[in-house]
file target_35.cif (mmCIF, C-alpha atoms)
data_work
loop_
_atom_site.label_atom_id
_atom_site.label_comp_id
_atom_site.auth_asym_id
_atom_site.auth_seq_id
_atom_site.Cartn_x
_atom_site.Cartn_y
_atom_site.Cartn_z
CA MET A 1 70.71 67.29 58.15
CA LYS A 2 73.56 66.43 60.46
CA VAL A 3 74.97 62.92 60.83
CA LEU A 4 77.08 61.47 63.62
CA LEU A 5 79.40 58.86 62.10
CA VAL A 6 81.19 56.57 64.57
CA GLU A 7 83.65 54.57 62.49
CA ASP A 8 87.31 53.65 63.04
CA SER A 9 88.19 52.62 59.47
CA GLN A 10 89.75 55.60 57.73
CA LEU A 11 89.07 54.20 54.28
CA PHE A 12 85.39 53.48 54.96
CA SER A 13 84.98 56.81 56.77
CA TYR A 14 86.37 58.64 53.76
CA TYR A 15 83.95 56.80 51.46
CA LEU A 16 81.00 57.70 53.69
CA LEU A 17 82.06 61.31 54.26
CA ARG A 18 82.48 61.90 50.54
CA GLY A 19 79.17 60.27 49.64
CA LEU A 20 77.16 61.93 52.38
CA LYS A 21 78.57 65.37 51.61
CA LYS A 22 77.50 64.90 47.97
CA GLU A 23 74.01 64.29 49.34
CA ASN A 24 74.23 67.57 51.32
CA TYR A 25 74.65 66.04 54.77
CA THR A 26 76.91 67.56 57.37
CA VAL A 27 78.92 64.84 59.11
CA ASP A 28 80.75 64.74 62.43
CA LEU A 29 83.21 61.85 62.60
CA ALA A 30 84.27 60.00 65.73
CA GLU A 31 86.92 57.31 65.32
CA ASN A 32 86.09 55.52 68.58
CA GLY A 33 83.13 54.93 70.84
CA MET A 34 84.07 57.38 73.59
CA ASP A 35 84.53 60.26 71.14
CA GLY A 36 81.21 59.32 69.54
CA LEU A 37 79.45 59.40 72.90
CA ASN A 38 81.05 62.74 73.79
CA LEU A 39 79.87 64.25 70.51
CA ALA A 40 76.40 62.81 71.06
CA ILE A 41 76.17 64.09 74.63
CA ASN A 42 77.43 67.57 73.75
CA ASN A 43 75.44 67.93 70.51
CA TYR A 44 72.59 65.44 70.70
CA LEU A 45 69.96 67.93 69.54
CA ASP A 46 71.98 68.60 66.39
CA TYR A 47 72.00 65.08 64.95
CA SER A 48 69.31 63.67 62.70
CA ILE A 49 70.84 60.17 62.58
CA VAL A 50 73.77 58.08 63.84
CA LEU A 51 75.82 55.70 61.68
CA LEU A 52 77.59 53.28 63.98
CA ASP A 53 80.31 50.70 63.44
CA TRP A 54 80.13 47.41 65.34
CA ASN A 55 83.84 47.01 66.13
CA LEU A 56 85.44 50.07 67.67
CA PRO A 57 88.86 50.27 69.33
CA ASP A 58 87.69 51.20 72.82
CA MET A 59 84.20 49.77 73.16
CA THR A 60 81.66 47.89 71.10
CA GLY A 61 79.05 49.51 68.91
CA ILE A 62 76.47 47.69 71.04
CA GLN A 63 77.71 49.55 74.14
CA VAL A 64 77.64 52.86 72.28
CA CYS A 65 74.13 52.15 71.01
CA LYS A 66 72.82 51.41 74.51
CA TYR A 67 74.31 54.66 75.85
CA LEU A 68 72.89 56.62 72.92
CA ARG A 69 69.44 55.23 73.65
CA LYS A 70 69.72 56.60 77.19
CA ILE A 71 70.44 60.05 75.73
CA ASP A 72 67.81 60.01 72.98
CA SER A 73 65.23 57.30 72.51
CA ASN A 74 64.09 58.54 69.09
CA ILE A 75 67.21 59.23 67.04
CA PRO A 76 67.69 56.69 64.25
CA ILE A 77 70.79 54.52 64.71
CA ILE A 78 72.06 52.47 61.79
CA PHE A 79 74.72 49.84 62.36
CA LEU A 80 77.18 49.60 59.47
CA THR A 81 79.09 46.43 60.07
CA GLY A 82 81.03 43.51 58.75
CA GLN A 83 79.14 41.25 61.17
CA SER A 84 77.18 38.86 59.05
CA ASN A 85 75.10 36.50 61.11
CA SER A 86 71.50 36.95 62.16
CA GLU A 87 72.36 36.70 65.87
CA ASP A 88 74.40 39.90 65.53
CA ALA A 89 71.52 41.67 63.82
CA ILE A 90 69.17 40.54 66.59
CA LEU A 91 71.60 41.79 69.25
CA ALA A 92 71.86 45.14 67.44
CA PHE A 93 68.09 45.58 67.34
CA LYS A 94 67.75 44.54 70.99
CA SER A 95 70.32 47.18 71.94
CA GLY A 96 68.23 49.87 70.26
CA ALA A 97 69.39 49.95 66.63
CA SER A 98 66.94 51.19 64.02
CA ASP A 99 68.63 49.34 61.15
CA PHE A 100 71.51 46.95 60.48
CA ILE A 101 73.42 47.11 57.21
CA ARG A 102 76.26 44.80 56.28
CA LYS A 103 79.42 46.29 54.76
CA PRO A 104 80.14 47.08 52.05
CA VAL A 105 77.09 49.25 51.54
CA ALA A 106 76.09 51.11 48.40
CA MET A 107 75.79 54.84 49.06
CA LYS A 108 72.40 55.08 47.32
CA GLU A 109 70.97 52.33 49.52
CA LEU A 110 72.38 53.91 52.67
CA VAL A 111 70.93 57.33 51.84
CA ILE A 112 67.49 55.85 51.08
CA ARG A 113 67.49 53.96 54.37
CA MET A 114 68.60 57.08 56.24
CA LYS A 115 65.84 59.19 54.71
CA HIS A 116 63.26 56.50 55.46
CA LEU A 117 64.27 56.30 59.13
CA MET A 118 64.45 60.06 59.57
CA ARG A 119 61.00 60.46 58.00
CA LYS A 120 59.62 57.76 60.31
CA THR A 121 61.20 59.43 63.33
CA GLN A 122 59.84 62.86 62.43
CA PHE A 123 56.37 61.38 62.06
CA ALA A 124 56.59 59.54 65.39
CA VAL A 125 57.93 62.56 67.29
CA GLY A 126 55.42 64.94 65.70
CA ALA A 127 52.46 62.64 66.35
#

call {"tool": "encode", "arguments": {"input": "target_35.cif", "output": "structure tokens"}}
result
Amino acid sequence: MKVLLVEDSQLFSYYLLRGLKKENYTVDLAENGMDGLNLAINNYLDYSIVLLDWNLPDMTGIQVCKYLRKIDSNIPIIFLTGQSNSEDAILAFKSGASDFIRKPVAMKELVIRMKHLMRKTQFAVGA
């Protein structure tokens, strides 16, 4: 399974990369929204899921999410964010997010949520 990680925090990216590799995921990292979109556009058939930060240096995660939904309406998109109020979660879901997880996140919980969403997506696409 291949993951697109769009995250500008080097420390959090390292944590995620290490944990996901232990779980046998291949991860492409983009440190800003534009690089994330370019990876998605050029490789969108390769990714099983997108992990997306809310605050990026060049655009918001909401903007990235909306563009990603134009490319692929089925790929699971999980926001990983420090945003903590319910209005932000609502905005994320309205923009096309599949899930919204507040940082810090436990790796085991993240992996379970990822597997759940990918299973759901495979079922929906195959149906």

call {"tool": "atom_distance", "arguments": {"input": "target_35.cif", "atom1": "atom CA of Arg18 of chain A", "atom2": "atom CA of Asp53 of chain A"}}
result
17.2 Å

call {"tool": "closest_residue", "arguments": {"input": "target_35.cif", "among": "A:Lys120, A:Asp99, A:Ser84, A:Asp28", "to": "Asn43 of chain A", "atoms": "all atoms listed in the file"}}
result
A:Asp28

call {"tool": "closest_residue", "arguments": {"input": "target_35.cif", "among": "A:Ile49, A:Leu80, A:Leu37, A:Ile90", "to": "Pro104 of chain A", "atoms": "all atoms listed in the file"}}
result
A:Leu80

call {"tool": "resolve_selection", "arguments": {"input": "target_35.cif", "expression": "the PyMOL selection byres ((chain A and resi 31) around 8)", "output": "list in words"}}
result
Val6, Glu7, Asp8, Ser9, Leu29, Ala30, Asn32, Gly33, Asp35, Gly36 and Leu56 of chain A

call {"tool": "closest_residue", "arguments": {"input": "target_35.cif", "among": "A:Leu17, A:Leu52, A:Val64, A:Ala97", "to": "Met34 of chain A", "atoms": "all atoms listed in the file"}}
result
A:Val64

call {"tool": "atom_distance", "arguments": {"input": "target_35.cif", "atom1": "atom CA of Glu23 of chain A", "atom2": "atom CA of Lys108 of chain A"}}
result
9.6 Å

call {"tool": "atom_distance", "arguments": {"input": "target_35.cif", "atom1": "atom CA of Gly61 of chain A", "atom2": "atom CA of Gln122 of chain A"}}
result
24.3 Å

call {"tool": "axis_aligned_box", "arguments": {"input": "target_35.cif", "around": "segment 101-116 of chain A", "padding_each_side": "8 Å", "output": "JSON"}}
result
{"center_x": 71.7, "center_y": 52.0, "center_z": 52.3, "size_x": 32.9, "size_y": 30.4, "size_z": 25.9}
